[in-house]
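Structure file protein-v8.pdb; described as PDB, C-alpha atoms, pLDDT in the B column.
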ATOM      1  CA  MET A 538     -18.603   0.232   6.816  1.00 55.00           C
ATOM      2  CA  LYS A 539     -18.302  -0.818  10.453  1.00 64.00           C
ATOM      3  CA  GLU A 540     -14.850  -0.432  11.954  1.00 72.00           C
ATOM      4  CA  GLU A 541     -13.127  -3.736  12.611  1.00 89.00           C
ATOM      5  CA  ASN A 542     -12.039  -4.845  16.046  1.00 95.00           C
ATOM      6  CA  VAL A 543      -8.526  -6.027  16.778  1.00 96.00           C
ATOM      7  CA  ILE A 544      -7.704  -8.834  19.194  1.00 97.00           C
ATOM      8  CA  LEU A 545      -5.977  -7.499  22.301  1.00 97.00           C
ATOM      9  CA  VAL A 546      -3.312  -9.891  23.597  1.00 97.00           C
ATOM     10  CA  ASN A 547      -0.779 -10.200  26.380  1.00 97.00           C
ATOM     11  CA  GLU A 548       2.923 -10.733  25.640  1.00 96.00           C
ATOM     12  CA  ASP A 549       2.277 -14.507  25.435  1.00 96.00           C
ATOM     13  CA  ASP A 550      -0.265 -13.926  22.612  1.00 96.00           C
ATOM     14  CA  GLN A 551      -3.193 -14.896  24.841  1.00 96.00           C
ATOM     15  CA  PRO A 552      -6.379 -12.996  23.849  1.00 96.00           C
ATOM     16  CA  ILE A 553      -7.577 -10.593  26.555  1.00 97.00           C
ATOM     17  CA  GLY A 554     -10.331  -8.725  24.703  1.00 96.00           C
ATOM     18  CA  LEU A 555     -11.396  -6.836  21.605  1.00 97.00           C
ATOM     19  CA  MET A 556     -11.106  -3.139  20.745  1.00 96.00           C
ATOM     20  CA  PRO A 557     -11.936  -1.036  17.680  1.00 94.00           C
ATOM     21  CA  LYS A 558      -8.824  -0.800  15.488  1.00 92.00           C
ATOM     22  CA  MET A 559      -8.454   2.991  15.618  1.00 90.00           C
ATOM     23  CA  GLU A 560      -8.879   3.073  19.403  1.00 94.00           C
ATOM     24  CA  ALA A 561      -6.172   0.426  19.801  1.00 94.00           C
ATOM     25  CA  HIS A 562      -3.828   2.511  17.643  1.00 91.00           C
ATOM     26  CA  GLU A 563      -4.713   5.722  19.512  1.00 91.00           C
ATOM     27  CA  LYS A 564      -4.086   4.081  22.916  1.00 94.00           C
ATOM     28  CA  ALA A 565      -1.061   2.020  21.778  1.00 93.00           C
ATOM     29  CA  VAL A 566      -2.597  -1.184  23.184  1.00 96.00           C
ATOM     30  CA  LEU A 567      -0.851  -4.475  22.330  1.00 97.00           C
ATOM     31  CA  HIS A 568      -2.858  -6.416  19.740  1.00 97.00           C
ATOM     32  CA  ARG A 569      -2.436  -9.295  17.311  1.00 97.00           C
ATOM     33  CA  ALA A 570      -1.343  -8.625  13.728  1.00 96.00           C
ATOM     34  CA  PHE A 571       0.313 -10.421  10.838  1.00 96.00           C
ATOM     35  CA  SER A 572       2.748  -9.754   8.004  1.00 94.00           C
ATOM     36  CA  VAL A 573       2.845 -11.902   4.854  1.00 95.00           C
ATOM     37  CA  PHE A 574       5.931 -12.264   2.674  1.00 93.00           C
ATOM     38  CA  ILE A 575       5.451 -13.739  -0.796  1.00 95.00           C
ATOM     39  CA  VAL A 576       8.574 -15.104  -2.472  1.00 93.00           C
ATOM     40  CA  ASN A 577       9.079 -16.218  -6.079  1.00 94.00           C
ATOM     41  CA  ASP A 578      11.275 -19.007  -7.468  1.00 93.00           C
ATOM     42  CA  ALA A 579      14.108 -16.484  -8.000  1.00 92.00           C
ATOM     43  CA  GLY A 580      14.167 -15.802  -4.230  1.00 89.00           C
ATOM     44  CA  GLU A 581      12.704 -12.310  -4.643  1.00 92.00           C
ATOM     45  CA  ILE A 582      10.153 -10.840  -2.236  1.00 93.00           C
ATOM     46  CA  MET A 583       6.950  -9.237  -3.528  1.00 96.00           C
ATOM     47  CA  LEU A 584       6.715  -5.760  -2.005  1.00 97.00           C
ATOM     48  CA  GLN A 585       3.656  -3.561  -2.005  1.00 97.00           C
ATOM     49  CA  GLN A 586       3.442   0.209  -1.894  1.00 98.00           C
ATOM     50  CA  ARG A 587       0.579   1.153   0.403  1.00 96.00           C
ATOM     51  CA  ALA A 588      -2.265   3.171  -1.115  1.00 95.00           C
ATOM     52  CA  GLY A 589      -2.029   6.954  -0.812  1.00 93.00           C
ATOM     53  CA  ASP A 590      -5.137   7.308   1.352  1.00 91.00           C
ATOM     54  CA  LYS A 591      -4.111   4.853   4.098  1.00 87.00           C
ATOM     55  CA  TYR A 592      -4.544   6.361   7.585  1.00 78.00           C
ATOM     56  CA  HIS A 593      -0.870   5.749   8.351  1.00 79.00           C
ATOM     57  CA  SER A 594       2.216   5.009   6.275  1.00 86.00           C
ATOM     58  CA  PRO A 595       0.634   6.016   2.917  1.00 92.00           C
ATOM     59  CA  LEU A 596       2.723   5.310  -0.195  1.00 96.00           C
ATOM     60  CA  LEU A 597       5.429   3.542   1.813  1.00 96.00           C
ATOM     61  CA  TRP A 598       6.855   0.222   0.671  1.00 97.00           C
ATOM     62  CA  THR A 599       6.288  -2.829   2.836  1.00 96.00           C
ATOM     63  CA  ASN A 600       5.941  -6.604   2.782  1.00 95.00           C
ATOM     64  CA  THR A 601       3.390  -8.242   0.475  1.00 96.00           C
ATOM     65  CA  CYS A 602       0.471  -7.661   2.843  1.00 95.00           C
ATOM     66  CA  CYS A 603      -0.332  -7.138   6.492  1.00 93.00           C
ATOM     67  CA  SER A 604      -3.341  -6.601   8.695  1.00 94.00           C
ATOM     68  CA  HIS A 605      -5.103  -7.861  11.811  1.00 95.00           C
ATOM     69  CA  GLN A 606      -6.702 -11.196  12.571  1.00 97.00           C
ATOM     70  CA  ARG A 607     -10.444 -11.266  13.184  1.00 95.00           C
ATOM     71  CA  GLU A 608     -11.986 -12.957  16.196  1.00 95.00           C
ATOM     72  CA  GLY A 609     -12.116 -16.713  15.617  1.00 95.00           C
ATOM     73  CA  GLU A 610      -9.718 -16.578  12.652  1.00 96.00           C
ATOM     74  CA  THR A 611      -6.377 -18.406  12.648  1.00 97.00           C
ATOM     75  CA  ASN A 612      -3.225 -16.548  11.644  1.00 97.00           C
ATOM     76  CA  ILE A 613      -3.060 -18.500   8.365  1.00 98.00           C
ATOM     77  CA  GLU A 614      -6.754 -17.872   7.572  1.00 98.00           C
ATOM     78  CA  ALA A 615      -6.240 -14.149   8.223  1.00 97.00           C
ATOM     79  CA  GLY A 616      -3.126 -14.028   6.042  1.00 97.00           C
ATOM     80  CA  LYS A 617      -4.867 -15.785   3.149  1.00 98.00           C
ATOM     81  CA  ARG A 618      -7.954 -13.547   3.450  1.00 97.00           C
ATOM     82  CA  ARG A 619      -5.958 -10.331   3.435  1.00 97.00           C
ATOM     83  CA  LEU A 620      -3.573 -11.497   0.705  1.00 98.00           C
ATOM     84  CA  HIS A 621      -6.594 -12.059  -1.535  1.00 98.00           C
ATOM     85  CA  GLU A 622      -8.212  -8.718  -0.534  1.00 97.00           C
ATOM     86  CA  GLU A 623      -5.055  -6.674  -1.150  1.00 97.00           C
ATOM     87  CA  MET A 624      -3.119  -8.546  -3.842  1.00 98.00           C
ATOM     88  CA  GLY A 625      -5.834 -10.579  -5.579  1.00 98.00           C
ATOM     89  CA  PHE A 626      -4.430 -14.093  -5.161  1.00 98.00           C
ATOM     90  CA  THR A 627      -4.273 -16.890  -2.590  1.00 97.00           C
ATOM     91  CA  VAL A 628      -1.458 -19.331  -1.826  1.00 98.00           C
ATOM     92  CA  ASP A 629      -0.575 -21.669   1.014  1.00 98.00           C
ATOM     93  CA  LEU A 630       1.144 -19.820   3.860  1.00 97.00           C
ATOM     94  CA  LYS A 631       3.521 -21.024   6.562  1.00 95.00           C
ATOM     95  CA  GLU A 632       3.991 -19.159   9.834  1.00 94.00           C
ATOM     96  CA  LEU A 633       7.678 -18.453  10.485  1.00 89.00           C
ATOM     97  CA  PHE A 634       7.871 -16.498  13.757  1.00 89.00           C
ATOM     98  CA  SER A 635       6.246 -13.755  15.781  1.00 92.00           C
ATOM     99  CA  PHE A 636       7.590 -10.721  17.627  1.00 91.00           C
ATOM    100  CA  ILE A 637       6.354  -7.642  19.467  1.00 93.00           C
ATOM    101  CA  TYR A 638       7.091  -4.130  18.274  1.00 91.00           C
ATOM    102  CA  LYS A 639       5.936  -0.613  19.051  1.00 90.00           C
ATOM    103  CA  ALA A 640       6.131   2.174  16.463  1.00 84.00           C
ATOM    104  CA  PRO A 641       4.644   5.662  16.970  1.00 82.00           C
ATOM    105  CA  PHE A 642       3.574   7.646  13.893  1.00 77.00           C
ATOM    106  CA  ASP A 643       3.543  11.379  13.198  1.00 75.00           C
ATOM    107  CA  ASN A 644      -0.282  11.404  13.182  1.00 76.00           C
ATOM    108  CA  GLY A 645      -0.477  10.447  16.881  1.00 80.00           C
ATOM    109  CA  LEU A 646      -1.251   6.773  16.270  1.00 84.00           C
ATOM    110  CA  THR A 647       0.963   3.954  17.495  1.00 88.00           C
ATOM    111  CA  GLU A 648       1.340   0.417  16.223  1.00 88.00           C
ATOM    112  CA  HIS A 649       1.885  -1.872  19.234  1.00 95.00           C
ATOM    113  CA  GLU A 650       1.581  -5.315  17.788  1.00 95.00           C
ATOM    114  CA  LEU A 651       2.391  -8.943  18.306  1.00 97.00           C
ATOM    115  CA  ASP A 652       3.137  -9.590  14.635  1.00 95.00           C
ATOM    116  CA  HIS A 653       2.931 -13.105  13.155  1.00 96.00           C
ATOM    117  CA  VAL A 654       5.204 -13.339  10.104  1.00 93.00           C
ATOM    118  CA  MET A 655       4.234 -15.783   7.336  1.00 94.00           C
ATOM    119  CA  VAL A 656       5.679 -16.818   3.993  1.00 93.00           C
ATOM    120  CA  GLY A 657       4.142 -18.151   0.793  1.00 95.00           C
ATOM    121  CA  TYR A 658       5.372 -18.782  -2.743  1.00 95.00           C
ATOM    122  CA  TYR A 659       4.001 -17.290  -5.974  1.00 97.00           C
ATOM    123  CA  ASN A 660       5.415 -16.473  -9.414  1.00 97.00           C
ATOM    124  CA  ASP A 661       2.652 -14.615 -11.225  1.00 97.00           C
ATOM    125  CA  VAL A 662       1.465 -11.004 -11.423  1.00 97.00           C
ATOM    126  CA  PRO A 663      -0.896  -9.916  -8.618  1.00 98.00           C
ATOM    127  CA  ASN A 664      -4.267  -8.292  -9.256  1.00 98.00           C
ATOM    128  CA  ILE A 665      -3.846  -5.424  -6.785  1.00 97.00           C
ATOM    129  CA  ASN A 666      -6.755  -3.691  -5.068  1.00 96.00           C
ATOM    130  CA  PRO A 667      -6.149   0.057  -5.729  1.00 96.00           C
ATOM    131  CA  GLU A 668      -7.962   0.987  -2.496  1.00 94.00           C
ATOM    132  CA  GLU A 669      -5.237  -0.862  -0.580  1.00 95.00           C
ATOM    133  CA  VAL A 670      -2.180  -0.942  -2.837  1.00 97.00           C
ATOM    134  CA  ALA A 671      -0.635   1.781  -5.023  1.00 97.00           C
ATOM    135  CA  ASN A 672       2.047  -0.386  -6.648  1.00 98.00           C
ATOM    136  CA  TRP A 673       4.070  -3.582  -6.270  1.00 98.00           C
ATOM    137  CA  LYS A 674       7.465  -4.998  -7.279  1.00 98.00           C
ATOM    138  CA  TRP A 675       9.778  -7.967  -6.830  1.00 97.00           C
ATOM    139  CA  MET A 676      13.100  -7.382  -5.014  1.00 95.00           C
ATOM    140  CA  HIS A 677      15.817  -9.687  -3.757  1.00 92.00           C
ATOM    141  CA  PRO A 678      16.295  -9.462   0.043  1.00 91.00           C
ATOM    142  CA  SER A 679      19.828  -8.058  -0.372  1.00 90.00           C
ATOM    143  CA  GLU A 680      18.469  -5.290  -2.625  1.00 94.00           C
ATOM    144  CA  VAL A 681      15.748  -4.507  -0.087  1.00 94.00           C
ATOM    145  CA  LYS A 682      18.303  -4.338   2.718  1.00 92.00           C
ATOM    146  CA  GLU A 683      20.486  -1.942   0.719  1.00 95.00           C
ATOM    147  CA  ASP A 684      17.541   0.248  -0.280  1.00 97.00           C
ATOM    148  CA  ILE A 685      16.268   0.431   3.308  1.00 96.00           C
ATOM    149  CA  SER A 686      19.754   1.576   4.330  1.00 95.00           C
ATOM    150  CA  GLU A 687      19.799   4.278   1.631  1.00 97.00           C
ATOM    151  CA  ASN A 688      16.088   5.285   1.728  1.00 97.00           C
ATOM    152  CA  PRO A 689      14.626   4.342   5.132  1.00 95.00           C
ATOM    153  CA  GLN A 690      11.876   6.965   4.822  1.00 95.00           C
ATOM    154  CA  GLU A 691      10.364   4.986   1.926  1.00 97.00           C
ATOM    155  CA  TYR A 692       9.555   1.886   4.055  1.00 96.00           C
ATOM    156  CA  THR A 693       7.040   1.119   6.808  1.00 92.00           C
ATOM    157  CA  ALA A 694       8.221   0.945  10.407  1.00 87.00           C
ATOM    158  CA  TRP A 695       7.292  -2.722  10.918  1.00 86.00           C
ATOM    159  CA  PHE A 696       8.940  -3.781   7.656  1.00 91.00           C
ATOM    160  CA  LYS A 697      12.231  -2.135   8.665  1.00 91.00           C
ATOM    161  CA  ILE A 698      12.030  -3.818  12.087  1.00 87.00           C
ATOM    162  CA  ILE A 699      11.408  -7.238  10.526  1.00 84.00           C
ATOM    163  CA  PHE A 700      14.305  -6.769   8.123  1.00 81.00           C
ATOM    164  CA  GLU A 701      16.693  -5.527  10.798  1.00 79.00           C
ATOM    165  CA  ARG A 702      15.907  -8.279  13.310  1.00 75.00           C
ATOM    166  CA  PHE A 703      15.231 -11.214  11.031  1.00 71.00           C
ATOM    167  CA  TYR A 704      17.145 -10.597   7.801  1.00 74.00           C
ATOM    168  CA  ASP A 705      19.093 -13.888   7.914  1.00 75.00           C
ATOM    169  CA  TYR A 706      15.906 -15.801   8.703  1.00 71.00           C
ATOM    170  CA  ILE A 707      14.077 -14.134   5.796  1.00 72.00           C
ATOM    171  CA  VAL A 708      16.933 -14.893   3.369  1.00 72.00           C
ATOM    172  CA  GLU A 709      16.954 -18.524   4.512  1.00 75.00           C
ATOM    173  CA  HIS A 710      13.191 -18.831   3.858  1.00 67.00           C
ATOM    174  CA  SER A 711      13.264 -16.952   0.563  1.00 66.00           C
ATOM    175  CA  GLU A 712      14.558 -20.144  -0.990  1.00 60.00           C
ATOM    176  CA  LYS A 713      12.091 -23.008  -1.308  1.00 54.00           C
ATOM    177  CA  SER A 714      13.140 -26.149   0.453  1.00 42.00           C
TER     178      SER A 714
END
Output the file's structure in the form of structure tokens.
Amino acid sequence: MKEENVILVNEDDQPIGLMPKMEAHEKAVLHRAFSVFIVNDAGEIMLQQRAGDKYHSPLLWTNTCCSHQREGETNIEAGKRRLHEEMGFTVDLKELFSFIYKAPFDNGLTEHELDHVMVGYYNDVPNINPEEVANWKWMHPSEVKEDISENPQEYTAWFKIIFERFYDYIVEHSEKS
């Protein structure tokens, strides 16, 4: 399988080129990414545990799905595509906000991403792709916050950053309007 390119961007999210995904993570180059949060009618967030053979952050808990946009793909299109690939369902998504973060990993790779955070609503059981996802669960945002505080090593870097910076915003959008 051919390695996917990521979209390199400046701090204003303007595309400035393409680069193979692994090279971008080796060089810590800023690129576009997204994180999807799926919420149920009880206000709980669907978390996924990353598959054990992921090249970084294996078996860590994180938001419902995340990845990188492809050239010519909108943020929403990318979120829907990846949600279906990882979790086996598709719902309407709404973009909430974006932010830049940089997180080095023990394996020498670095995530340096302009992350677009989206939300969607779903109440059923996902059909997870075992190549991408080891497990999943529903948790209320307050429970997630407490567990991150007690067990930070069990969560991905970007998920902890999103929760720390945007907890109130996430709680506000975990309830359907």
**Message:** Which residues are near segment 589-605 of chain A? Cut-off 7 Å, all atoms listed in the file, ignore same chain within fewer than 3 positions. Put them as a VMD selection string.
**Reply:** chain A and resid 543 569 to 575 583 to 586 619 to 620 623 671 691 to 693 696
**Request:** Tell me, as an MDAnalysis selection string, which residues lie within 12 Å of Arg618 of chain A, counting only C-alpha atoms; anything in the same chain fewer than 3 positions away does not count.
**Result:** chainID A and resid 571 573 602:607 610:615 621:630
**Message:** Quick one: residues within 10 Å of His568 of chain A, all atoms listed in the file, excluding same-chain residues fewer than 5 positions away - as an NGL selection string?
**Reply:** :A and (543-548 or 550-556 or 558 or 561-562 or 605-606 or 637 or 648-652)
**Request:** Specify as an NGL selection string each residue included when the PyMOL selection byres ((chain A and resi 659) around 7) is applied to this file.
**Result:** :A and (575-577 or 657-658 or 660-661)
Find the spatial neighbours of Leu633 of chain A, counting all atoms listed in the file, within a cut-off of 10 Å - ignore same-chain residues fewer than 5 positions away - and output them as a short mmCIF file (atom, residue, chain, number, x, y, z; two decimals) with C-alpha atoms, in the frame of the given file.
data_model
loop_
_atom_site.label_atom_id
_atom_site.label_comp_id
_atom_site.auth_asym_id
_atom_site.auth_seq_id
_atom_site.Cartn_x
_atom_site.Cartn_y
_atom_site.Cartn_z
CA VAL A 573 2.84 -11.90 4.85
CA HIS A 653 2.93 -13.10 13.16
CA VAL A 654 5.20 -13.34 10.10
CA MET A 655 4.23 -15.78 7.34
CA VAL A 656 5.68 -16.82 3.99
CA TYR A 706 15.91 -15.80 8.70
CA ILE A 707 14.08 -14.13 5.80
CA HIS A 710 13.19 -18.83 3.86
#
**Prompt:** Rounded to one decimal in Å, what is the spacing between atom CA of Asn672 of chain A and atom CA of Glu541 of chain A?
**Reply:**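 Atom CA of Glu541 of chain A lies at a distance of 24.7 Å from atom CA of Asn672 of chain A.
Between Glu632 of chain A and the candidates A:Leu646, A:Asp578, A:Ile665, A:Gly616, the tightest atom-to-atom separation, counting only C-alpha atoms, involves A:Gly616.
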**Message:** Please compute the atom CA of Thr647 of chain A-atom CA of Pro689 of chain A distance, one decimal, in Å.
**Reply:**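 One can read the atom CA of Thr647 of chain A to atom CA of Pro689 of chain A distance as 18.4 Å.
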**Message:** Just the number, please: distance in Å from atom CA of Arg702 of chain A to atom CA of Lys617 of chain A, one decimal.
**Reply:** 24.3 Å
**Asked** So which residues get picked by the PyMOL selection byres ((chain A and resi 676) around 9) here, written as a list in words?
**Response** Gly580, Glu581, Ile582, Met583, Leu584, Lys674, Trp675, His677, Pro678, Ser679, Glu680 and Val681 of chain A
